[in-house]
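Structure below is structure01.txt: compact mmCIF, C-alpha atoms.
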```
# COMPACT_ATOMS: atom_id res chain seq x y z
CA MET A 1 -21.50 -23.29 15.40
CA ASN A 2 -18.03 -24.75 15.19
CA PRO A 3 -15.81 -22.43 17.30
CA LYS A 4 -13.29 -21.89 14.48
CA LEU A 5 -15.99 -20.87 12.00
CA ASP A 6 -17.69 -18.71 14.62
CA LEU A 7 -14.49 -16.82 15.39
CA LEU A 8 -13.34 -16.52 11.77
CA TYR A 9 -16.66 -15.15 10.52
CA ARG A 10 -16.65 -12.45 13.18
CA LEU A 11 -13.06 -11.47 12.37
CA ALA A 12 -13.47 -11.56 8.58
CA ASP A 13 -16.79 -9.72 8.48
CA ASP A 14 -15.47 -6.90 10.70
CA GLN A 15 -12.56 -6.43 8.29
CA LEU A 16 -14.68 -6.56 5.15
CA ILE A 17 -17.39 -4.17 6.33
CA LEU A 18 -15.13 -1.59 7.95
CA GLY A 19 -12.80 -1.88 4.95
CA HIS A 20 -15.71 -1.02 2.69
CA ARG A 21 -16.74 1.90 4.90
CA ASN A 22 -13.16 3.24 4.96
CA SER A 23 -13.08 3.11 1.16
CA GLU A 24 -16.02 5.53 1.08
CA TRP A 25 -13.59 8.30 2.09
CA ASN A 26 -11.81 7.80 -1.21
CA GLY A 27 -12.02 11.20 -2.92
CA LEU A 28 -13.75 12.83 0.06
CA GLY A 29 -11.02 13.04 2.72
CA PRO A 30 -10.61 16.46 4.37
CA ILE A 31 -7.00 16.62 3.15
CA LEU A 32 -5.19 14.56 0.53
CA GLU A 33 -3.11 12.62 3.08
CA GLU A 34 -6.27 11.54 4.90
CA ASP A 35 -7.97 10.55 1.69
CA ILE A 36 -4.98 8.28 0.98
CA ALA A 37 -4.76 7.03 4.58
CA PHE A 38 -8.37 5.85 4.71
CA SER A 39 -8.11 4.33 1.24
CA SER A 40 -4.92 2.49 2.24
CA MET A 41 -6.46 1.19 5.43
CA ALA A 42 -9.46 0.06 3.38
CA GLN A 43 -7.14 -1.89 1.10
CA ASP A 44 -5.34 -3.44 4.08
CA LYS A 45 -8.62 -4.47 5.70
CA LEU A 46 -9.97 -6.03 2.51
CA GLY A 47 -6.67 -7.93 2.24
CA HIS A 48 -7.05 -9.11 5.83
CA SER A 49 -10.63 -10.20 5.22
CA LEU A 50 -9.52 -12.18 2.17
CA GLN A 51 -6.89 -14.04 4.22
CA LEU A 52 -9.57 -14.94 6.77
CA TYR A 53 -12.18 -15.95 4.17
CA MET A 54 -9.49 -18.18 2.63
CA LEU A 55 -9.12 -19.94 5.99
CA LEU A 56 -12.90 -20.41 6.08
CA HIS A 57 -12.76 -21.85 2.58
CA GLU A 58 -10.10 -24.35 3.71
CA LEU A 59 -12.53 -25.38 6.45
CA GLY A 60 -15.20 -26.17 3.87
CA GLU A 61 -17.03 -22.86 3.49
CA ALA A 62 -17.73 -21.38 0.03
CA GLU A 63 -15.20 -19.39 -2.04
CA PRO A 64 -14.17 -16.01 -0.56
CA ASP A 65 -16.01 -14.00 -3.24
CA THR A 66 -19.18 -16.01 -2.75
CA VAL A 67 -19.04 -15.61 1.01
CA ALA A 68 -18.30 -11.88 0.77
CA PHE A 69 -20.78 -10.95 -1.93
CA THR A 70 -23.80 -13.24 -1.72
CA ARG A 71 -24.81 -13.27 1.92
CA ASN A 72 -27.46 -10.96 3.32
CA THR A 73 -27.67 -9.04 6.59
CA PRO A 74 -28.69 -11.85 9.01
CA GLN A 75 -25.73 -13.96 7.85
CA PHE A 76 -23.14 -11.30 8.73
CA HIS A 77 -21.33 -11.41 12.08
CA CYS A 78 -19.61 -8.03 12.10
CA CYS A 79 -20.22 -5.80 15.11
CA GLN A 80 -22.62 -2.95 14.44
CA LEU A 81 -19.82 -0.40 14.93
CA THR A 82 -18.28 -1.36 11.59
CA GLU A 83 -21.45 -0.93 9.52
CA LEU A 84 -22.46 2.59 10.60
CA PRO A 85 -22.21 5.15 7.78
CA ILE A 86 -19.00 7.19 7.69
CA GLY A 87 -20.77 10.30 8.98
CA GLU A 88 -18.57 13.27 9.75
CA TYR A 89 -14.82 12.90 9.95
CA ASP A 90 -14.81 13.10 13.75
CA PHE A 91 -16.98 9.96 13.92
CA SER A 92 -14.92 8.06 11.34
CA LEU A 93 -11.70 8.90 13.19
CA MET A 94 -13.13 7.90 16.54
CA ARG A 95 -14.47 4.61 15.18
CA HIS A 96 -11.07 3.97 13.60
CA PHE A 97 -9.32 4.71 16.92
CA LEU A 98 -11.60 2.55 19.07
CA PHE A 99 -11.80 -0.32 16.58
CA ASP A 100 -8.15 -0.54 15.57
CA HIS A 101 -6.85 -0.49 19.15
CA ALA A 102 -9.02 -3.56 19.77
CA GLU A 103 -7.97 -5.07 16.46
CA LEU A 104 -4.24 -4.71 17.06
CA LEU A 105 -4.54 -6.32 20.51
CA ARG A 106 -6.77 -9.03 19.06
CA PHE A 107 -4.32 -10.02 16.34
CA GLU A 108 -1.35 -9.80 18.71
CA ALA A 109 -3.14 -12.36 20.86
CA LEU A 110 -4.16 -14.46 17.85
CA ALA A 111 -0.49 -14.72 16.86
CA ASP A 112 -0.32 -17.31 19.67
CA SER A 113 -3.53 -19.12 18.67
CA SER A 114 -3.55 -22.91 18.93
CA TYR A 115 -5.01 -22.88 15.39
CA GLU A 116 -1.77 -22.50 13.46
CA PRO A 117 -3.18 -21.24 10.11
CA LEU A 118 -4.89 -18.39 11.97
CA ALA A 119 -1.74 -17.66 13.98
CA LEU A 120 0.18 -17.32 10.69
CA VAL A 121 -2.30 -14.77 9.33
CA ALA A 122 -2.26 -12.91 12.66
CA ARG A 123 1.53 -12.63 12.68
CA LYS A 124 1.30 -10.95 9.30
CA VAL A 125 -1.67 -8.72 10.04
CA LYS A 126 -0.55 -7.39 13.43
CA GLY A 127 2.44 -5.57 11.97
CA GLU A 128 0.22 -3.82 9.44
CA LEU A 129 -2.29 -2.84 12.13
CA LYS A 130 0.42 -0.96 13.98
CA TYR A 131 0.30 1.60 11.21
CA HIS A 132 -3.46 1.92 11.59
CA VAL A 133 -3.13 2.52 15.33
CA LEU A 134 -0.28 4.97 14.80
CA HIS A 135 -2.48 6.91 12.38
CA ALA A 136 -5.47 6.92 14.74
CA ASN A 137 -3.37 7.99 17.73
CA THR A 138 -1.78 10.84 15.78
CA TRP A 139 -5.16 12.35 14.92
CA VAL A 140 -6.86 11.73 18.25
CA LYS A 141 -3.94 13.44 20.00
CA ARG A 142 -3.82 16.27 17.49
CA LEU A 143 -7.54 17.06 17.50
CA GLY A 144 -7.98 16.14 21.16
CA THR A 145 -5.57 18.90 22.15
CA ALA A 146 -6.50 21.45 19.49
CA THR A 147 -9.19 24.15 19.50
CA GLU A 148 -12.27 24.17 21.69
CA GLU A 149 -14.44 23.15 18.75
CA ALA A 150 -12.15 20.25 17.84
CA ILE A 151 -12.13 18.98 21.42
CA GLU A 152 -15.89 19.31 21.74
CA ARG A 153 -16.51 17.44 18.52
CA MET A 154 -14.07 14.66 19.36
CA GLN A 155 -15.59 14.33 22.84
CA ALA A 156 -19.09 14.09 21.34
CA ALA A 157 -17.85 11.50 18.83
CA LEU A 158 -16.24 9.51 21.64
CA GLU A 159 -19.46 9.47 23.66
CA PHE A 160 -21.59 8.53 20.65
CA THR A 161 -19.24 5.78 19.46
CA LEU A 162 -18.35 4.07 22.76
CA PRO A 163 -21.56 2.01 23.22
CA TYR A 164 -21.07 0.63 19.70
CA ALA A 165 -17.37 0.00 20.40
CA LEU A 166 -18.32 -2.07 23.45
CA GLY A 167 -20.31 -4.22 21.02
CA ILE A 168 -16.99 -5.35 19.51
CA PHE A 169 -16.65 -7.62 22.54
CA GLU A 170 -20.09 -9.25 22.32
CA THR A 171 -19.62 -12.99 22.86
CA THR A 172 -21.32 -15.94 21.23
CA GLU A 173 -22.26 -19.40 22.47
CA ALA A 174 -18.90 -20.68 21.21
CA GLU A 175 -16.90 -18.43 23.56
CA PRO A 176 -16.13 -21.00 26.31
CA GLU A 177 -14.78 -23.46 23.75
CA ILE A 178 -12.86 -20.76 21.88
CA ILE A 179 -11.02 -19.99 25.11
CA SER A 180 -10.60 -23.54 26.41
CA SER A 181 -9.22 -24.81 23.11
CA GLY A 182 -6.65 -22.01 22.99
CA LEU A 183 -8.05 -20.49 19.81
CA PHE A 184 -8.22 -17.03 21.38
CA ILE A 185 -7.87 -15.34 24.78
CA GLY A 186 -11.55 -14.34 24.71
CA GLU A 187 -13.46 -11.08 24.50
CA VAL A 188 -13.43 -10.23 28.22
CA GLU A 189 -9.65 -10.30 28.38
CA LEU A 190 -9.43 -8.42 25.08
CA GLN A 191 -11.71 -5.69 26.40
CA ARG A 192 -9.58 -5.34 29.52
CA ARG A 193 -6.45 -4.82 27.41
CA TRP A 194 -8.33 -2.44 25.10
CA GLU A 195 -9.47 -0.21 27.92
CA ALA A 196 -5.90 0.16 29.15
CA SER A 197 -4.69 0.85 25.63
CA ILE A 198 -7.19 3.59 24.71
CA SER A 199 -6.97 5.16 28.17
CA LYS A 200 -3.24 5.68 27.73
CA VAL A 201 -3.76 7.70 24.55
CA LEU A 202 -6.81 9.63 25.74
CA ALA A 203 -4.90 10.65 28.87
CA GLN A 204 -2.59 12.66 26.60
CA THR A 205 -5.54 14.73 25.33
CA SER A 206 -8.28 16.93 26.76
CA LEU A 207 -10.81 14.17 26.05
CA VAL A 208 -12.51 12.43 28.96
CA LEU A 209 -13.26 8.71 28.86
CA PRO A 210 -16.68 8.16 30.46
CA ASP A 211 -17.15 5.36 32.99
CA LEU A 212 -17.64 2.37 30.71
CA ARG A 213 -19.59 0.46 33.40
CA LEU A 214 -22.39 3.02 33.06
CA LEU A 215 -22.79 2.48 29.32
CA THR A 216 -25.04 -0.08 27.65
CA PRO A 217 -23.14 -1.89 24.88
CA VAL A 218 -24.86 -2.02 21.50
CA THR A 219 -24.87 -5.74 20.72
CA GLY A 220 -26.54 -8.08 18.27
CA GLY A 221 -24.08 -7.89 15.38
CA ARG A 222 -22.30 -11.10 16.35
CA HIS A 223 -25.69 -12.86 16.16
CA GLY A 224 -26.75 -11.45 12.81
CA GLN A 225 -28.80 -8.55 14.15
CA HIS A 226 -27.83 -5.34 12.41
CA THR A 227 -28.77 -1.72 11.88
CA GLU A 228 -30.71 -0.61 8.81
CA HIS A 229 -27.37 0.58 7.37
CA LEU A 230 -25.86 -2.82 6.60
CA GLN A 231 -28.13 -4.10 3.82
CA PRO A 232 -27.70 -1.01 1.57
CA LEU A 233 -23.92 -1.37 2.04
CA LEU A 234 -24.06 -5.05 1.04
CA ASP A 235 -26.22 -4.23 -2.00
CA GLU A 236 -23.77 -1.58 -3.15
CA MET A 237 -20.68 -3.69 -2.45
CA ALA A 238 -22.03 -6.65 -4.41
CA GLU A 239 -23.65 -4.70 -7.22
CA VAL A 240 -21.00 -5.46 -9.82
CA PHE A 241 -20.37 -9.02 -8.63
CA ARG A 242 -24.06 -9.87 -8.93
CA LEU A 243 -24.21 -8.67 -12.55
CA ASP A 244 -22.18 -11.72 -13.49
CA PRO A 245 -20.99 -13.92 -10.61
CA THR A 246 -18.97 -16.13 -12.96
CA ALA A 247 -17.03 -13.30 -14.63
CA ASP A 248 -13.26 -13.64 -14.56
CA TRP A 249 -11.54 -10.40 -13.47
CA MET B 1 22.03 -30.17 -13.85
CA LEU B 2 19.49 -27.54 -12.84
CA THR B 3 20.28 -25.99 -9.46
CA GLU B 4 18.40 -23.70 -7.14
CA ALA B 5 21.18 -21.14 -7.51
CA GLN B 6 20.61 -21.14 -11.26
CA ILE B 7 16.89 -20.53 -10.80
CA LEU B 8 17.49 -17.70 -8.35
CA ASN B 9 19.89 -16.23 -10.89
CA TRP B 10 17.22 -16.33 -13.61
CA LEU B 11 14.69 -14.83 -11.21
CA GLN B 12 16.94 -11.79 -10.75
CA ALA B 13 15.35 -10.64 -14.02
CA VAL B 14 11.89 -10.55 -12.45
CA THR B 15 11.42 -7.13 -10.87
CA ASP B 16 8.77 -5.65 -8.65
CA PRO B 17 5.85 -4.59 -10.91
CA GLU B 18 6.01 -1.07 -9.45
CA ILE B 19 9.72 -0.68 -8.67
CA PRO B 20 11.77 -1.80 -11.69
CA THR B 21 15.10 -1.39 -9.86
CA ILE B 22 14.58 -4.27 -7.43
CA SER B 23 14.16 -7.96 -8.16
CA LEU B 24 11.63 -10.10 -6.32
CA VAL B 25 14.54 -12.13 -4.98
CA ASP B 26 16.20 -9.04 -3.47
CA LEU B 27 12.86 -7.73 -2.20
CA GLY B 28 12.62 -10.93 -0.17
CA VAL B 29 9.22 -12.05 -1.43
CA ILE B 30 10.62 -15.23 -2.99
CA ARG B 31 11.09 -17.40 0.06
CA GLU B 32 11.91 -20.76 -1.49
CA VAL B 33 12.77 -22.37 -4.83
CA ARG B 34 13.00 -26.10 -5.30
CA VAL B 35 13.83 -28.32 -8.25
CA GLU B 36 11.41 -31.25 -8.37
CA GLU B 37 12.40 -34.76 -9.41
CA ASP B 38 10.60 -34.46 -12.74
CA GLY B 39 12.50 -31.27 -13.66
CA GLY B 40 9.66 -28.95 -12.67
CA VAL B 41 10.27 -26.02 -10.36
CA TYR B 42 8.39 -24.93 -7.24
CA VAL B 43 8.54 -21.29 -6.12
CA ARG B 44 7.07 -20.01 -2.85
CA LEU B 45 6.25 -16.31 -2.58
CA THR B 46 4.99 -14.21 0.30
CA PRO B 47 3.33 -10.79 0.05
CA THR B 48 4.98 -7.68 1.53
CA PHE B 49 1.53 -6.59 2.76
CA ALA B 50 -1.45 -8.97 3.03
CA GLY B 51 -3.57 -6.77 0.74
CA CYS B 52 -0.86 -6.32 -1.92
CA PRO B 53 -2.65 -6.24 -5.28
CA ALA B 54 0.55 -7.07 -7.20
CA MET B 55 0.85 -10.70 -6.08
CA ASP B 56 -0.88 -12.16 -9.14
CA TYR B 57 1.44 -10.18 -11.42
CA MET B 58 4.49 -11.37 -9.50
CA ARG B 59 3.34 -14.94 -9.73
CA ARG B 60 2.68 -14.65 -13.47
CA ASP B 61 6.08 -12.98 -14.11
CA VAL B 62 7.90 -15.75 -12.21
CA GLU B 63 6.11 -18.43 -14.23
CA THR B 64 6.68 -16.71 -17.59
CA THR B 65 10.37 -16.16 -16.91
CA LEU B 66 11.09 -19.72 -15.84
CA LYS B 67 9.12 -21.16 -18.75
CA ALA B 68 11.16 -18.98 -21.11
CA HIS B 69 14.24 -20.75 -19.72
CA GLY B 70 12.72 -24.08 -20.71
CA ILE B 71 11.32 -25.22 -17.37
CA PRO B 72 8.47 -27.54 -18.33
CA ARG B 73 6.36 -27.12 -15.21
CA VAL B 74 6.38 -24.23 -12.76
CA THR B 75 4.34 -24.38 -9.57
CA THR B 76 3.96 -21.21 -7.51
CA GLU B 77 2.47 -20.85 -4.07
CA ILE B 78 1.63 -17.69 -2.13
CA SER B 79 2.07 -18.38 1.55
CA LEU B 80 2.31 -16.57 4.87
CA ARG B 81 4.33 -19.42 6.37
CA ASP B 82 7.48 -17.34 6.46
CA PRO B 83 5.93 -13.86 6.64
CA TRP B 84 7.73 -10.98 5.02
CA THR B 85 9.52 -8.38 7.06
CA SER B 86 11.46 -5.42 5.69
CA ASP B 87 14.66 -7.01 7.02
CA MET B 88 14.33 -9.55 4.18
CA VAL B 89 15.32 -6.90 1.63
CA THR B 90 18.92 -7.69 0.66
CA ASP B 91 21.73 -5.11 0.48
CA ARG B 92 21.48 -5.18 -3.29
CA GLY B 93 17.72 -4.68 -2.91
CA ARG B 94 18.24 -1.67 -0.66
CA GLU B 95 20.53 -0.19 -3.28
CA GLY B 96 17.78 -0.77 -5.87
CA LEU B 97 15.21 1.03 -3.71
CA ARG B 98 17.54 4.03 -3.36
CA ARG B 99 18.09 4.11 -7.13
CA HIS B 100 14.32 4.44 -7.48
CA GLY B 101 14.38 7.44 -5.11
CA LEU B 102 12.93 5.52 -2.16
CA ALA B 103 14.29 5.67 1.37
CA THR B 104 15.09 2.24 2.77
CA PRO B 105 13.41 0.78 5.87
CA PRO B 106 15.61 0.79 8.99
CA LYS B 107 16.71 -2.67 10.11
CA LEU B 108 14.56 -4.14 12.85
CA ASN B 109 16.84 -7.08 13.66
CA GLY B 110 13.95 -8.93 15.23
CA GLY B 111 13.14 -5.95 17.45
CA LEU B 112 9.77 -4.36 18.02
CA LEU B 113 8.25 -2.08 15.44
CA ASP B 114 7.85 0.98 17.67
CA LEU B 115 7.18 4.62 16.98
CA ASP B 116 10.87 5.55 16.85
CA ILE B 117 11.43 3.08 14.05
CA LEU B 118 8.33 4.10 12.12
CA GLU B 119 9.34 7.76 12.27
CA TYR B 120 12.96 7.20 11.26
CA ALA B 121 14.01 7.64 7.65
CA GLU B 122 17.11 8.74 5.83
CA CYS B 123 16.51 11.18 2.97
CA PRO B 124 17.36 9.37 -0.30
CA ARG B 125 18.69 12.64 -1.79
CA CYS B 126 20.93 14.21 0.87
CA HIS B 127 21.15 11.28 3.34
CA THR B 128 20.28 13.39 6.36
CA THR B 129 18.09 11.92 9.10
CA ASN B 130 16.71 15.37 9.84
CA THR B 131 13.38 14.14 8.53
CA GLU B 132 9.82 13.79 9.71
CA LEU B 133 7.09 11.20 9.09
CA ARG B 134 4.24 12.97 7.31
CA THR B 135 1.90 10.02 6.91
CA PRO B 136 2.36 6.27 7.23
CA PHE B 137 0.23 5.80 4.10
CA GLY B 138 1.66 6.54 0.67
CA ALA B 139 1.01 5.77 -2.97
CA THR B 140 1.09 2.02 -2.30
CA LEU B 141 0.55 -0.06 0.86
CA CYS B 142 4.30 -0.58 1.27
CA ARG B 143 5.28 3.12 1.20
CA ALA B 144 5.19 5.89 3.81
CA VAL B 145 5.65 9.61 3.16
CA HIS B 146 8.35 11.62 4.95
CA TYR B 147 9.60 15.20 4.74
CA CYS B 148 13.27 16.21 4.61
CA HIS B 149 13.98 19.38 6.61
CA ASP B 150 17.29 19.91 4.78
CA CYS B 151 16.07 19.42 1.19
CA ARG B 152 12.62 20.76 2.11
CA GLN B 153 11.17 18.04 -0.04
CA ILE B 154 8.72 15.22 0.44
CA PHE B 155 10.13 11.73 -0.16
CA GLU B 156 8.78 8.20 -0.01
CA GLN B 157 10.12 5.34 2.08
CA PHE B 158 9.67 1.61 1.74
CA LYS B 159 8.00 0.95 5.11
CA PRO B 160 9.59 -1.01 7.90
CA ILE B 161 7.37 -3.87 9.02
```
Full structure transcribed into structure tokens:
Amino acid sequence: MNPKLDLLYRLADDQLILGHRNSEWNGLGPILEEDIAFSSMAQDKLGHSLQLYMLLHELGEAEPDTVAFTRNTPQFHCCQLTELPIGEYDFSLMRHFLFDHAELLRFEALADSSYEPLALVARKVKGELKYHVLHANTWVKRLGTATEEAIERMQAALEFTLPYALGIFETTEAEPEIISSGLFIGEVELQRRWEASISKVLAQTSLVLPDLRLLTPVTGGRHGQHTEHLQPLLDEMAEVFRLDPTADW
Amino acid sequence: MLTEAQILNWLQAVTDPEIPTISLVDLGVIREVRVEEDGGVYVRLTPTFAGCPAMDYMRRDVETTLKAHGIPRVTTEISLRDPWTSDMVTDRGREGLRRHGLATPPKLNGGLLDLDILEYAECPRCHTTNTELRTPFGATLCRAVHYCHDCRQIFEQFKPI
């Protein structure tokens, strides 16, 4: 696949799918502020996905709504981390923490992309992602230094989520060209920065980061291989759109 | 002779769909106006936040207002070319935010958006800075929620970004 399309689909699908998952906390958050926080982050992420699908459209792909709402599981390139059900709040927070640290670093790097339209979007998005990371850090520090139960649950969530988080950095066949053409710094370098970034926050808590070299990353998402959780999400997300794809909202 | 200054003056009447005390010009989302050779007008807007759901309303309000002033053809474009930062809010705009009961974003002056800046807010009621960030996510994407230790009241701030 063309390296630009390859990269953009991965970025856009991550944003769309995690945005949809975040929106599922709407009305269910443990406290009102968290309900609003996850809903706001959902809205941000859908906005980010739209900007990226618009770039794909400029490159000749279908309209953003068509791309978002009519593809099926094998055509999605999100990492599997983003599609897992929201589960308990400890899991959703930990996913948010691990994903958004990577995402902020990713868009900071993309702000210098040789592909100027993407760099423009990244310069916009990175500022907004700072708020997501701030939110994640606040809660990981608060719960990671709280009661024994809180620490235990956050530690268990960390250990469960990490192999999926490593799947964020799964590469595709286009990776060498993505790096050599200056589109992006590449997943290996991103992962290096990410490890430093999450370690700094975790060090301020009672949580222990396991040795990442001993973990097996959960991959496949970047190549269209997904968990059984993605298709039901896609069906629900597109339910209204599919009733009348030509409707004008 | 139609000038850009005249158009900006007319556009002072177009306010933020959710904050009626600030115009889109003073909010900084109108980045460029241009009079075309055929008498049409081009207006370039940029969103405060990428996922802002109000952009279509802003665009429509700009077009309606200029057409009401007899402009035959109005072209609008939404672009990230000159991305919005909270420093683009003018002094008059900041006054408008305060009139709506919103704290204003601290000036970044090209500096980094760090934790100190995110946590800083001046209470719009008593003007103390003895305040605390409660949550960076408020009623809309562009607002954060703070708490004033002097008033003992929650207040909203237009976020720095």
What are the residues of chain A lining chain B at 12 Å or less? Count all atoms listed in the file, and put the answer as a ChimeraX atom specification.
/A:15-16,19,31-52,54-55,116-139,249
Please identify all polymer residues within 9 Å of Gly39 (chain B), counting only C-alpha atoms, omitting same-chain residues fewer than 2 positions from it, and present them as a PDB file with C-alpha atoms, in the coordinates of the input.
```pdb
ATOM      1  CA  LEU B   2      19.490 -27.540 -12.840  1.00  0.00           C
ATOM      2  CA  VAL B  35      13.830 -28.320  -8.250  1.00  0.00           C
ATOM      3  CA  GLU B  36      11.410 -31.250  -8.370  1.00  0.00           C
ATOM      4  CA  GLU B  37      12.400 -34.760  -9.410  1.00  0.00           C
ATOM      5  CA  VAL B  41      10.270 -26.020 -10.360  1.00  0.00           C
ATOM      6  CA  ILE B  71      11.320 -25.220 -17.370  1.00  0.00           C
ATOM      7  CA  PRO B  72       8.470 -27.540 -18.330  1.00  0.00           C
ATOM      8  CA  ARG B  73       6.360 -27.120 -15.210  1.00  0.00           C
TER       9      ARG B  73
END
```
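With CA of Leu183 (chain A) on one side and CA of Ser113 (chain A) on the other, the separation reads 4.9 Å.
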Dig up all the protein and nucleic acid residues within 12 Å of (13.9, 3.8, -7.4) in the file frame, using all atoms listed in the file, and format them as a PyMOL selection string.
chain B and resi 15-16+18-23+93-104+124-125+155-158
Gap from CA of Arg213 (chain A) to CA of Ala156 (chain A) - Å, one decimal
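So the two atoms, CA of Arg213 (chain A) and CA of Ala156 (chain A), lie 18.2 Å apart.
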Between CA of Leu93 (chain A) and CA of Glu239 (chain A) - distance in Å to one decimal
27.3 Å
Counting all atoms listed in the file, which residues have an atom no more than 7 Å from (10.1, 17.0, 9.4) in the file's coordinates? Please list them as a short mmCIF file (atom, residue, chain, number, x, y, z; two decimals) with C-alpha atoms, keeping the file's coordinate frame.
```cif
data_model
loop_
_atom_site.label_atom_id
_atom_site.label_comp_id
_atom_site.auth_asym_id
_atom_site.auth_seq_id
_atom_site.Cartn_x
_atom_site.Cartn_y
_atom_site.Cartn_z
CA ASN B 130 16.71 15.37 9.84
CA THR B 131 13.38 14.14 8.53
CA GLU B 132 9.82 13.79 9.71
CA LEU B 133 7.09 11.20 9.09
CA TYR B 147 9.60 15.20 4.74
CA CYS B 148 13.27 16.21 4.61
CA HIS B 149 13.98 19.38 6.61
#
```
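Among the candidates B:Gln12, B:Thr76, B:Gln153, B:Asn109, the one nearest to Val33 (chain B) when counting all atoms listed in the file is B:Thr76.
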Looking at A:Ile17, A:Leu105, A:Leu143, A:Leu11, which one is nearest to Ala196 (chain A), with distances taken over only C-alpha atoms?
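Of all the options, A:Leu105 lies closest to Ala196 (chain A).
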Selection near Arg193 (chain A), 10 Å with only C-alpha atoms, sequence-local residues under 5 positions removed, as a PyMOL selection string:
chain A and resi 101-102+105-106+187-188+198
Region 62-67 of chain B surroundings by all atoms listed in the file, 8 Å radius, close-in-sequence under 2 positions cut, as a ChimeraX atom specification
/B:7,10-11,13-14,58-60,69-76
Compare A:Gly221, A:Gly186, A:Glu173, A:Met237 by their minimum atom-to-atom distance to Pro74 (chain A), counting all atoms listed in the file, and give me the closest one.
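Of A:Gly221, A:Gly186, A:Glu173, A:Met237, the one nearest Pro74 (chain A), counting all atoms listed in the file, is A:Gly221.
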With a distance cut-off of 12 Å and only C-alpha atoms, select the neighbouring residues of Glu170 (chain A), excluding the residue or stretch itself and same-chain residues fewer than 5 positions from it, and output the selection as a ChimeraX atom specification.
/A:7,10,77-81,163-165,175,186-188,190-191,216-225
Let me make sure I understand: among B:Glu32, B:Thr90, B:Asp26, B:Pro17, which one has the smallest atom-to-atom distance to Ala54 (chain B) if we use only C-alpha atoms?
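Closest candidate: B:Pro17.
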Box in all listed atoms of region 155-173 of chain A, axis-aligned, with 4 Å more on each side; write out centre and edge lengths in Å to one decimal as AutoDock Vina command-line options.
```
--center_x -18.9 --center_y -2.5 --center_z 21.2 --size_x 14.7 --size_y 41.7 --size_z 12.8
```
